[in-house]
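Visitor: Okay, so here is work39.cif, and as you'll see once you scroll down, it has mmCIF, C-alpha atoms and all ligand atoms.
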data_target
#
loop_
_atom_site.label_atom_id
_atom_site.label_comp_id
_atom_site.auth_asym_id
_atom_site.auth_seq_id
_atom_site.Cartn_x
_atom_site.Cartn_y
_atom_site.Cartn_z
CA MET A 1006 0.88 22.11 -7.32
CA HIS A 1007 0.13 18.73 -8.90
CA ILE A 1008 0.82 15.42 -7.20
CA LEU A 1009 0.78 12.41 -9.47
CA ILE A 1010 0.39 9.05 -7.75
CA LEU A 1011 2.66 6.79 -9.81
CA GLY A 1012 2.15 3.87 -7.45
CA SER A 1013 0.15 3.22 -4.29
CA ALA A 1014 0.92 -0.36 -3.18
CA GLY A 1015 3.07 -1.61 -0.32
CA ALA A 1016 6.12 -3.79 -0.89
CA VAL A 1017 4.38 -6.25 -3.21
CA PRO A 1018 2.63 -4.61 -6.18
CA PHE A 1019 -0.58 -6.09 -7.50
CA LEU A 1020 -2.66 -5.87 -10.64
CA LYS A 1021 -3.65 -2.20 -10.51
CA ARG A 1022 -1.15 -0.88 -7.99
CA ASP A 1023 2.63 -0.58 -8.29
CA THR A 1024 4.89 0.25 -5.33
CA THR A 1025 4.39 3.67 -3.77
CA MET A 1026 6.04 6.56 -5.66
CA LEU A 1027 4.97 10.12 -6.44
CA ALA A 1028 5.80 12.72 -9.11
CA LEU A 1029 5.39 16.42 -8.31
CA THR A 1030 4.91 19.55 -10.37
CA ILE A 1031 5.35 22.70 -8.30
CA GLN A 1032 5.34 25.76 -10.57
CA GLN A 1033 8.30 25.00 -12.89
CA ASP A 1034 9.93 22.45 -10.58
CA TYR A 1035 9.56 18.72 -11.26
CA MET A 1036 10.43 16.28 -8.50
CA LEU A 1037 10.04 12.65 -7.46
CA ILE A 1038 9.41 10.99 -4.12
CA ASP A 1039 10.67 7.41 -3.87
CA CYS A 1040 11.49 5.29 -6.88
CA GLY A 1041 10.13 1.78 -6.84
CA GLY A 1042 9.05 -0.33 -9.77
CA SER A 1043 8.27 0.79 -13.27
CA LEU A 1044 8.92 4.44 -12.62
CA VAL A 1045 9.94 5.55 -16.12
CA HIS A 1046 7.17 3.59 -17.79
CA ARG A 1047 4.60 5.11 -15.45
CA MET A 1048 5.86 8.64 -16.10
CA ASN A 1049 5.76 8.07 -19.86
CA TRP A 1050 2.29 6.62 -19.56
CA CYS A 1051 1.13 9.84 -17.85
CA GLN A 1052 3.11 12.12 -20.19
CA PHE A 1053 4.98 13.46 -17.17
CA PRO A 1054 8.04 15.43 -18.39
CA TRP A 1055 10.53 13.24 -16.55
CA GLN A 1056 13.50 14.65 -18.41
CA LYS A 1057 12.90 17.87 -16.43
CA ILE A 1058 13.03 16.30 -12.98
CA SER A 1059 15.62 18.05 -10.85
CA SER A 1060 15.49 16.00 -7.66
CA LEU A 1061 14.47 12.75 -6.03
CA PHE A 1062 13.53 12.51 -2.36
CA ILE A 1063 13.88 9.03 -0.89
CA THR A 1064 12.17 8.20 2.38
CA HIS A 1065 14.15 5.10 3.40
CA ARG A 1066 16.19 2.16 2.19
CA HIS A 1067 13.55 -0.56 1.84
CA ILE A 1068 13.62 -2.10 -1.59
CA ASP A 1069 10.09 -1.10 -2.63
CA HIS A 1070 11.16 2.56 -2.33
CA ILE A 1071 14.49 2.42 -4.20
CA TYR A 1072 14.68 -0.44 -6.68
CA GLY A 1073 13.78 1.70 -9.71
CA PHE A 1074 16.79 3.95 -9.09
CA PRO A 1075 19.43 2.31 -11.34
CA HIS A 1076 16.96 2.10 -14.20
CA LEU A 1077 16.06 5.78 -13.83
CA ILE A 1078 19.75 6.73 -14.01
CA GLN A 1079 20.26 4.49 -17.03
CA ALA A 1080 17.24 6.07 -18.74
CA PHE A 1081 18.66 9.55 -18.08
CA TYR A 1082 21.98 8.39 -19.55
CA LEU A 1083 20.34 6.93 -22.65
CA ILE A 1084 18.35 10.09 -23.43
CA GLY A 1085 21.53 12.17 -23.09
CA ARG A 1086 20.55 14.09 -19.98
CA ARG A 1087 22.79 17.08 -19.13
CA LYS A 1088 20.84 18.71 -16.30
CA PRO A 1089 22.11 17.99 -12.75
CA PHE A 1090 20.12 15.48 -10.73
CA THR A 1091 20.09 15.53 -6.92
CA ILE A 1092 19.06 12.67 -4.64
CA TYR A 1093 18.10 13.37 -1.05
CA GLY A 1094 17.72 10.66 1.58
CA PRO A 1095 18.97 9.25 4.88
CA GLU A 1096 22.70 8.57 4.97
CA ASP A 1097 22.35 4.79 4.57
CA VAL A 1098 20.36 5.29 1.35
CA ILE A 1099 22.97 7.70 0.03
CA THR A 1100 25.63 5.05 0.76
CA ILE A 1101 23.72 2.22 -0.91
CA LEU A 1102 22.71 3.89 -4.19
CA PRO A 1103 26.22 4.26 -5.68
CA GLU A 1104 26.79 0.58 -4.80
CA VAL A 1105 23.57 -0.35 -6.62
CA MET A 1106 24.81 1.58 -9.66
CA ARG A 1107 28.14 -0.27 -9.54
CA ALA A 1108 26.29 -3.61 -9.37
CA PHE A 1109 24.68 -2.71 -12.71
CA LEU A 1110 27.97 -1.43 -14.18
CA LEU A 1111 26.54 2.09 -14.33
CA LYS A 1112 29.61 4.30 -14.18
CA GLU A 1113 29.10 7.76 -12.80
CA SER A 1114 32.07 8.95 -14.87
CA LYS A 1115 30.19 8.06 -18.08
CA LEU A 1116 27.16 10.18 -17.24
CA LYS A 1117 26.89 13.52 -19.04
CA PHE A 1118 25.11 15.08 -16.07
CA PRO A 1119 26.18 15.81 -12.49
CA LEU A 1120 24.73 13.27 -10.08
CA ILE A 1121 24.57 14.79 -6.62
CA PHE A 1122 23.94 12.69 -3.50
CA GLN A 1123 22.76 14.70 -0.52
CA SER A 1124 22.36 12.91 2.80
CA VAL A 1125 19.71 14.22 5.19
CA ALA A 1126 20.26 13.76 8.94
CA VAL A 1127 17.49 11.74 10.57
CA THR A 1128 17.51 13.84 13.73
CA GLY A 1129 14.76 16.39 14.03
CA LYS A 1130 12.88 18.57 11.61
CA ARG A 1131 15.06 20.41 9.11
CA SER A 1132 14.85 22.47 5.96
CA ILE A 1133 16.66 20.70 3.13
CA LEU A 1134 15.97 22.59 -0.08
CA GLU A 1135 14.69 25.98 -1.18
CA THR A 1136 14.35 26.95 -4.84
CA GLU A 1137 12.60 29.91 -6.46
CA HIS A 1138 9.33 27.96 -6.29
CA VAL A 1139 9.55 25.35 -3.54
CA LYS A 1140 10.58 24.82 0.06
CA VAL A 1141 11.23 21.24 1.16
CA SER A 1142 11.75 20.07 4.72
CA ALA A 1143 12.16 16.66 6.34
CA CYS A 1144 11.58 15.02 9.69
CA PRO A 1145 12.36 11.55 11.08
CA VAL A 1146 9.61 8.95 11.42
CA VAL A 1147 9.47 5.50 13.04
CA HIS A 1148 10.13 2.57 10.72
CA GLY A 1149 12.87 0.34 12.13
CA VAL A 1150 15.44 1.83 9.72
CA PRO A 1151 16.33 5.52 9.32
CA ALA A 1152 13.26 7.01 7.62
CA LEU A 1153 12.02 10.48 6.69
CA ALA A 1154 8.75 12.26 6.03
CA TYR A 1155 8.90 15.21 3.61
CA ARG A 1156 6.95 18.47 3.47
CA PHE A 1157 6.69 20.43 0.21
CA LYS A 1158 5.51 24.04 0.07
CA ASP A 1159 4.64 25.97 -3.06
CA LYS A 1160 6.10 29.40 -2.28
CA LYS A 1161 3.78 31.21 -4.70
CA THR A 1162 0.46 29.88 -3.47
CA GLY A 1163 1.46 28.84 0.06
CA VAL A 1164 -0.14 25.39 -0.32
CA ASN A 1165 1.79 22.50 1.13
CA PHE A 1166 1.56 18.80 1.76
CA VAL A 1167 3.34 16.14 3.79
CA TYR A 1168 4.18 12.61 2.70
CA SER A 1169 4.75 10.34 5.68
CA GLY A 1170 6.83 7.65 4.00
CA ASP A 1171 6.56 4.28 5.77
CA THR A 1172 5.98 4.83 9.46
CA GLY A 1173 4.28 3.70 12.60
CA PRO A 1174 2.22 6.37 14.31
CA CYS A 1175 4.56 8.99 15.80
CA THR A 1176 4.37 12.39 17.47
CA GLU A 1177 7.17 13.79 15.30
CA LEU A 1178 4.87 13.44 12.31
CA ILE A 1179 1.95 15.09 14.12
CA ASN A 1180 4.10 18.18 14.73
CA PHE A 1181 5.66 18.09 11.27
CA ALA A 1182 2.30 17.84 9.47
CA ASN A 1183 0.66 20.50 11.62
CA GLN A 1184 -2.11 22.26 9.65
CA THR A 1185 -0.87 21.04 6.30
CA ASP A 1186 -3.36 21.17 3.43
CA LEU A 1187 -2.88 17.50 2.66
CA LEU A 1188 -1.31 14.61 4.54
CA ILE A 1189 -0.45 11.62 2.35
CA HIS A 1190 -0.04 8.87 4.93
CA GLU A 1191 0.91 5.25 4.59
CA THR A 1192 -1.75 2.85 5.70
CA SER A 1193 -0.64 -0.69 5.38
CA PHE A 1194 -3.54 -2.29 7.22
CA LEU A 1195 -7.10 -2.01 8.32
CA VAL A 1196 -7.29 -2.44 12.10
CA GLU A 1197 -9.06 -5.76 11.62
CA SER A 1198 -6.48 -7.15 9.17
CA ARG A 1199 -3.32 -6.05 10.96
CA ALA A 1200 -1.15 -9.13 11.30
CA SER A 1201 0.91 -7.96 14.24
CA ASP A 1202 1.49 -4.73 16.01
CA CYS A 1203 5.11 -4.22 15.09
CA GLY A 1204 4.85 -0.42 15.28
CA ILE A 1205 6.64 0.33 12.02
CA HIS A 1206 3.55 0.63 9.84
CA SER A 1207 0.16 2.27 10.37
CA THR A 1208 -3.43 1.20 10.20
CA VAL A 1209 -6.09 3.33 8.54
CA ALA A 1210 -7.22 4.34 12.04
CA ASP A 1211 -3.65 5.33 12.99
CA ALA A 1212 -3.32 7.55 9.91
CA ALA A 1213 -6.72 9.15 10.54
CA LYS A 1214 -5.84 9.89 14.18
CA ILE A 1215 -2.54 11.49 13.12
CA ALA A 1216 -4.40 13.66 10.57
CA THR A 1217 -6.83 14.79 13.26
CA LEU A 1218 -4.09 15.58 15.79
CA ALA A 1219 -2.12 17.43 13.12
CA LYS A 1220 -5.29 19.36 12.10
CA THR A 1221 -4.71 18.64 8.42
CA SER A 1222 -7.38 19.61 5.89
CA HIS A 1223 -7.27 16.44 3.80
CA LEU A 1224 -5.97 12.92 4.26
CA CYS A 1225 -4.83 10.74 1.37
CA LEU A 1226 -4.19 7.05 2.14
CA ILE A 1227 -1.44 5.16 0.31
CA HIS A 1228 0.90 2.10 0.51
CA PHE A 1229 -1.77 -0.58 0.55
CA ASN A 1230 -0.58 -4.06 1.36
CA SER A 1231 -3.58 -5.79 -0.11
CA GLU A 1232 -6.03 -4.90 -2.81
CA PRO A 1233 -8.38 -2.55 -0.98
CA GLN A 1234 -10.76 -2.06 -3.90
CA THR A 1235 -13.21 -4.49 -2.49
CA LYS A 1236 -12.68 -3.03 0.94
CA GLU A 1237 -12.82 0.63 -0.11
CA ALA A 1238 -15.96 1.20 1.90
CA ALA A 1239 -14.30 -0.38 4.95
CA VAL A 1240 -11.20 1.83 4.52
CA LEU A 1241 -13.33 4.97 4.29
CA LYS A 1242 -15.46 3.92 7.23
CA GLU A 1243 -12.41 3.29 9.41
CA ALA A 1244 -10.79 6.60 8.41
CA MET A 1245 -13.95 8.66 8.90
CA GLN A 1246 -14.37 7.28 12.40
CA TYR A 1247 -11.26 9.23 13.44
CA PHE A 1248 -10.95 12.07 10.90
CA SER A 1249 -13.69 14.50 9.92
CA GLY A 1250 -11.94 16.09 6.92
CA ARG A 1251 -11.94 14.75 3.40
CA VAL A 1252 -10.43 11.30 2.95
CA ILE A 1253 -8.92 10.31 -0.38
CA ILE A 1254 -8.07 6.72 -1.22
CA SER A 1255 -5.18 6.91 -3.64
CA HIS A 1256 -5.15 5.06 -6.93
CA ASP A 1257 -2.30 4.63 -9.38
CA LEU A 1258 -2.12 7.46 -11.92
CA MET A 1259 -4.52 9.64 -9.92
CA ARG A 1260 -3.59 13.31 -10.03
CA ILE A 1261 -4.21 15.55 -7.03
CA ASP A 1262 -4.24 19.29 -7.69
CA LEU A 1263 -3.56 21.55 -4.71
CA ASP A 1264 -4.33 25.20 -5.35
CA GLN A 1265 -4.91 27.83 -2.67
CA SER A 1266 -5.94 25.12 -0.22
CA GLU A 1267 -8.41 23.65 -2.69
CA VAL A 1268 -7.88 19.99 -3.40
CA THR A 1269 -9.16 18.70 -6.69
CA LEU A 1270 -8.93 15.12 -7.76
CA ARG A 1271 -8.56 14.56 -11.45
CA ALA A 1272 -9.60 11.20 -12.63
CA SER A 1273 -6.68 10.10 -14.70
CA ARG A 1274 -6.88 10.21 -18.46
CA PHE A 1275 -4.33 7.46 -18.30
CA GLN A 1276 -6.13 4.40 -17.06
CA ILE A 1277 -4.09 1.28 -16.47
ZN ZN B 1301 7.21 0.43 1.79
ZN ZN B 1302 9.53 0.38 4.46
#
Written as structure tokens, how would this file's structure read?
Ligand SMILES: [Zn+2]
Ligand SMILES: [Zn+2]
Guide:
Amino acid sequence: MHILILGSAGAVPFLKRDTTMLALTIQQDYMLIDCGGSLVHRMNWCQFPWQKISSLFITHRHIDHIYGFPHLIQAFYLIGRRKPFTIYGPEDVITILPEVMRAFLLKESKLKFPLIFQSVAVTGKRSILETEHVKVSACPVVHGVPALAYRFKDKKTGVNFVYSGDTGPCTELINFANQTDLLIHETSFLVESRASDCGIHSTVADAAKIATLAKTSHLCLIHFNSEPQTKEAAVLKEAMQYFSGRVIISHDLMRIDLDQSEVTLRASRFQI
């Protein structure tokens, strides 16, 4: 299983980080999680075979997680895509996306491929997709709007990971991420720089505590609201205070390989 970090910033991208979005390769299945900014450009930059993507999993309706959607559909249209494309997300996202397409005069009837919108109930853990290679499940998290975390399991190797989406610390996620090989958790703030405790985002310490309670093997931090490069040592220090496993600070275009519970980081050949 390969996880490609296409973007790792919070709502406002900065020089070396675009909004948070991930591309997955699980055996012969290609999938996306969230679709902010320059999604197609990023996938081309990394030579990711984006024409082969079968599905997109959206965590919630906030603009930094969906605003690349109409452009992705237009790109599929322009390259003459024929393969069906399925979008999973909370019901409000599934309602909004066709409206966004209409705003850009993107007519579903003109597309040469089936576009399938699949709403996922935000009430308890549930299995949402099983293919020959992958099992995907979802669970609600706490973010002020309906929001989901997703768990992906490679059926051949058994390895799996959870992506939290945007969330405050919550027990649902602890149960959902139980003993996963890798938890990719949003971490919008260091404890010291948290503006206000609104409960819909997490600090580095929050994410690390969740990883410990969920007994995950590795923790990858993502969705940075400010350039943490200069604070990387502080981020690691805060995380390692509460989590004794391996901590990974995500970077755009970083590839994480998960094989038989081994996590390998590949420094990207595709530097920005
Ligand atoms: Zn966000
Ligand atoms: Zn959000």
Visitor: Using only C-alpha atoms, which of A:Met1026, A:Leu1110, A:Leu1061, A:Cys1051 sits nearest Leu1134 (chain A)?
Guide: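 Distance minimum relative to Leu1134 (chain A) lands on A:Leu1061.
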Visitor: With ligand ZN 1301 (chain B) as the partner and 10 Å as the cut-off, tabulate the residues of chain A that qualify, each row holding the nearest pair of atoms and their distance in Å to one decimal, using all atoms listed in the file, sorted by chain and rising number, as a Markdown table.
Guide:
| residue | atom | partner | partner_atom | distance |
| --- | --- | --- | --- | --- |
| A:Ser1013 | CA | B:ZN1301 | ZN | 9.7 |
| A:Ala1014 | CA | B:ZN1301 | ZN | 8.1 |
| A:Gly1015 | CA | B:ZN1301 | ZN | 5.1 |
| A:Ala1016 | CA | B:ZN1301 | ZN | 5.1 |
| A:Val1017 | CA | B:ZN1301 | ZN | 8.8 |
| A:Thr1024 | CA | B:ZN1301 | ZN | 7.5 |
| A:Thr1025 | CA | B:ZN1301 | ZN | 7.0 |
| A:Met1026 | CA | B:ZN1301 | ZN | 9.7 |
| A:Asp1039 | CA | B:ZN1301 | ZN | 9.6 |
| A:Gly1041 | CA | B:ZN1301 | ZN | 9.2 |
| A:Thr1064 | CA | B:ZN1301 | ZN | 9.2 |
| A:His1065 | CA | B:ZN1301 | ZN | 8.5 |
| A:Arg1066 | CA | B:ZN1301 | ZN | 9.2 |
| A:His1067 | CA | B:ZN1301 | ZN | 6.4 |
| A:Ile1068 | CA | B:ZN1301 | ZN | 7.7 |
| A:Asp1069 | CA | B:ZN1301 | ZN | 5.5 |
| A:His1070 | CA | B:ZN1301 | ZN | 6.1 |
| A:Ile1071 | CA | B:ZN1301 | ZN | 9.6 |
| A:His1148 | CA | B:ZN1301 | ZN | 9.6 |
| A:Gly1170 | CA | B:ZN1301 | ZN | 7.6 |
| A:Asp1171 | CA | B:ZN1301 | ZN | 5.6 |
| A:Thr1172 | CA | B:ZN1301 | ZN | 8.9 |
| A:Glu1191 | CA | B:ZN1301 | ZN | 8.4 |
| A:Ser1193 | CA | B:ZN1301 | ZN | 8.7 |
| A:His1206 | CA | B:ZN1301 | ZN | 8.8 |
| A:Ile1227 | CA | B:ZN1301 | ZN | 10.0 |
| A:His1228 | CA | B:ZN1301 | ZN | 6.7 |
| A:Phe1229 | CA | B:ZN1301 | ZN | 9.1 |
| A:Asn1230 | CA | B:ZN1301 | ZN | 9.0 |
Visitor: Just how far from CA of Pro1174 (chain A) is CA of Ile1133 (chain A), in Å to one decimal?
Guide: 23.2 Å
Visitor: Mind checking which residues fall within 9 Å of Gln1246 (chain A), counting all atoms listed in the file, ignoring those fewer than 4 positions away in the same chain, and posting them as a PDB file with C-alpha atoms, keeping the file's coordinate frame?
Guide:
ATOM      1  CA  ALA A1210      -7.220   4.340  12.040  1.00  0.00           C
ATOM      2  CA  ALA A1213      -6.720   9.150  10.540  1.00  0.00           C
ATOM      3  CA  LEU A1241     -13.330   4.970   4.290  1.00  0.00           C
ATOM      4  CA  LYS A1242     -15.460   3.920   7.230  1.00  0.00           C
TER       5      LYS A1242
END
Visitor: For CA of Tyr1155 (chain A) and CA of Pro1075 (chain A), quote the distance in Å rounded to one decimal.
Guide: 22.4 Å
Visitor: What's the separation between CA of Arg1022 (chain A) and CA of Thr1091 (chain A), in Å to one decimal place?
Guide: 26.9 Å
Visitor: Output requested as a PDB file, in the coordinates of the input - region 1131-1157 of chain A, filled out with N, CA and C atoms.
Guide:
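That gives us part.pdb:
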ATOM      1  N   ARG A1131      14.090  19.506   9.719  1.00  0.00           N
ATOM      2  CA  ARG A1131      15.060  20.410   9.110  1.00  0.00           C
ATOM      3  C   ARG A1131      14.661  20.795   7.692  1.00  0.00           C
ATOM      4  N   SER A1132      15.078  22.002   7.316  1.00  0.00           N
ATOM      5  CA  SER A1132      14.850  22.470   5.960  1.00  0.00           C
ATOM      6  C   SER A1132      15.957  21.878   5.093  1.00  0.00           C
ATOM      7  N   ILE A1133      15.594  21.332   3.923  1.00  0.00           N
ATOM      8  CA  ILE A1133      16.660  20.700   3.130  1.00  0.00           C
ATOM      9  C   ILE A1133      16.836  21.298   1.737  1.00  0.00           C
ATOM     10  N   LEU A1134      15.824  22.008   1.263  1.00  0.00           N
ATOM     11  CA  LEU A1134      15.970  22.590  -0.080  1.00  0.00           C
ATOM     12  C   LEU A1134      15.048  23.791  -0.207  1.00  0.00           C
ATOM     13  N   GLU A1135      15.552  24.861  -0.833  1.00  0.00           N
ATOM     14  CA  GLU A1135      14.690  25.980  -1.180  1.00  0.00           C
ATOM     15  C   GLU A1135      15.075  26.452  -2.572  1.00  0.00           C
ATOM     16  N   THR A1136      14.122  26.437  -3.492  1.00  0.00           N
ATOM     17  CA  THR A1136      14.350  26.950  -4.840  1.00  0.00           C
ATOM     18  C   THR A1136      13.488  28.206  -4.994  1.00  0.00           C
ATOM     19  N   GLU A1137      13.442  28.743  -6.194  1.00  0.00           N
ATOM     20  CA  GLU A1137      12.600  29.910  -6.460  1.00  0.00           C
ATOM     21  C   GLU A1137      11.129  29.597  -6.176  1.00  0.00           C
ATOM     22  N   HIS A1138      10.745  28.332  -6.374  1.00  0.00           N
ATOM     23  CA  HIS A1138       9.330  27.960  -6.290  1.00  0.00           C
ATOM     24  C   HIS A1138       8.949  27.137  -5.072  1.00  0.00           C
ATOM     25  N   VAL A1139       9.884  26.400  -4.498  1.00  0.00           N
ATOM     26  CA  VAL A1139       9.550  25.350  -3.540  1.00  0.00           C
ATOM     27  C   VAL A1139      10.431  25.396  -2.291  1.00  0.00           C
ATOM     28  N   LYS A1140       9.803  25.072  -1.160  1.00  0.00           N
ATOM     29  CA  LYS A1140      10.580  24.820   0.060  1.00  0.00           C
ATOM     30  C   LYS A1140      10.335  23.366   0.446  1.00  0.00           C
ATOM     31  N   VAL A1141      11.389  22.629   0.751  1.00  0.00           N
ATOM     32  CA  VAL A1141      11.230  21.240   1.160  1.00  0.00           C
ATOM     33  C   VAL A1141      11.886  21.055   2.524  1.00  0.00           C
ATOM     34  N   SER A1142      11.166  20.391   3.423  1.00  0.00           N
ATOM     35  CA  SER A1142      11.750  20.070   4.720  1.00  0.00           C
ATOM     36  C   SER A1142      11.511  18.595   5.018  1.00  0.00           C
ATOM     37  N   ALA A1143      12.231  18.090   6.017  1.00  0.00           N
ATOM     38  CA  ALA A1143      12.160  16.660   6.340  1.00  0.00           C
ATOM     39  C   ALA A1143      12.121  16.478   7.843  1.00  0.00           C
ATOM     40  N   CYS A1144      11.590  15.343   8.252  1.00  0.00           N
ATOM     41  CA  CYS A1144      11.580  15.020   9.690  1.00  0.00           C
ATOM     42  C   CYS A1144      11.610  13.499   9.851  1.00  0.00           C
ATOM     43  N   PRO A1145      12.280  12.998  10.899  1.00  0.00           N
ATOM     44  CA  PRO A1145      12.360  11.550  11.080  1.00  0.00           C
ATOM     45  C   PRO A1145      11.020  10.940  11.460  1.00  0.00           C
ATOM     46  N   VAL A1146      10.792   9.710  11.011  1.00  0.00           N
ATOM     47  CA  VAL A1146       9.610   8.950  11.420  1.00  0.00           C
ATOM     48  C   VAL A1146      10.068   7.586  11.920  1.00  0.00           C
ATOM     49  N   VAL A1147       9.124   6.757  12.352  1.00  0.00           N
ATOM     50  CA  VAL A1147       9.470   5.500  13.040  1.00  0.00           C
ATOM     51  C   VAL A1147       9.227   4.305  12.114  1.00  0.00           C
ATOM     52  N   HIS A1148      10.325   3.677  11.667  1.00  0.00           N
ATOM     53  CA  HIS A1148      10.130   2.570  10.720  1.00  0.00           C
ATOM     54  C   HIS A1148      11.160   1.447  10.857  1.00  0.00           C
ATOM     55  N   GLY A1149      11.906   1.428  11.935  1.00  0.00           N
ATOM     56  CA  GLY A1149      12.870   0.340  12.130  1.00  0.00           C
ATOM     57  C   GLY A1149      14.189   0.562  11.419  1.00  0.00           C
ATOM     58  N   VAL A1150      14.203   1.393  10.383  1.00  0.00           N
ATOM     59  CA  VAL A1150      15.440   1.830   9.720  1.00  0.00           C
ATOM     60  C   VAL A1150      15.333   3.362   9.649  1.00  0.00           C
ATOM     61  N   PRO A1151      16.443   4.062   9.432  1.00  0.00           N
ATOM     62  CA  PRO A1151      16.330   5.520   9.320  1.00  0.00           C
ATOM     63  C   PRO A1151      15.326   5.892   8.227  1.00  0.00           C
ATOM     64  N   ALA A1152      14.339   6.703   8.567  1.00  0.00           N
ATOM     65  CA  ALA A1152      13.260   7.010   7.620  1.00  0.00           C
ATOM     66  C   ALA A1152      12.807   8.446   7.808  1.00  0.00           C
ATOM     67  N   LEU A1153      12.394   9.061   6.686  1.00  0.00           N
ATOM     68  CA  LEU A1153      12.020  10.480   6.690  1.00  0.00           C
ATOM     69  C   LEU A1153      10.618  10.677   6.138  1.00  0.00           C
ATOM     70  N   ALA A1154       9.942  11.686   6.674  1.00  0.00           N
ATOM     71  CA  ALA A1154       8.750  12.260   6.030  1.00  0.00           C
ATOM     72  C   ALA A1154       9.223  13.553   5.364  1.00  0.00           C
ATOM     73  N   TYR A1155       8.529  13.971   4.305  1.00  0.00           N
ATOM     74  CA  TYR A1155       8.900  15.210   3.610  1.00  0.00           C
ATOM     75  C   TYR A1155       7.699  16.152   3.539  1.00  0.00           C
ATOM     76  N   ARG A1156       7.993  17.441   3.638  1.00  0.00           N
ATOM     77  CA  ARG A1156       6.950  18.470   3.470  1.00  0.00           C
ATOM     78  C   ARG A1156       7.351  19.389   2.316  1.00  0.00           C
ATOM     79  N   PHE A1157       6.440  19.607   1.390  1.00  0.00           N
ATOM     80  CA  PHE A1157       6.690  20.430   0.210  1.00  0.00           C
ATOM     81  C   PHE A1157       5.758  21.632   0.232  1.00  0.00           C
TER      82      PHE A1157
END
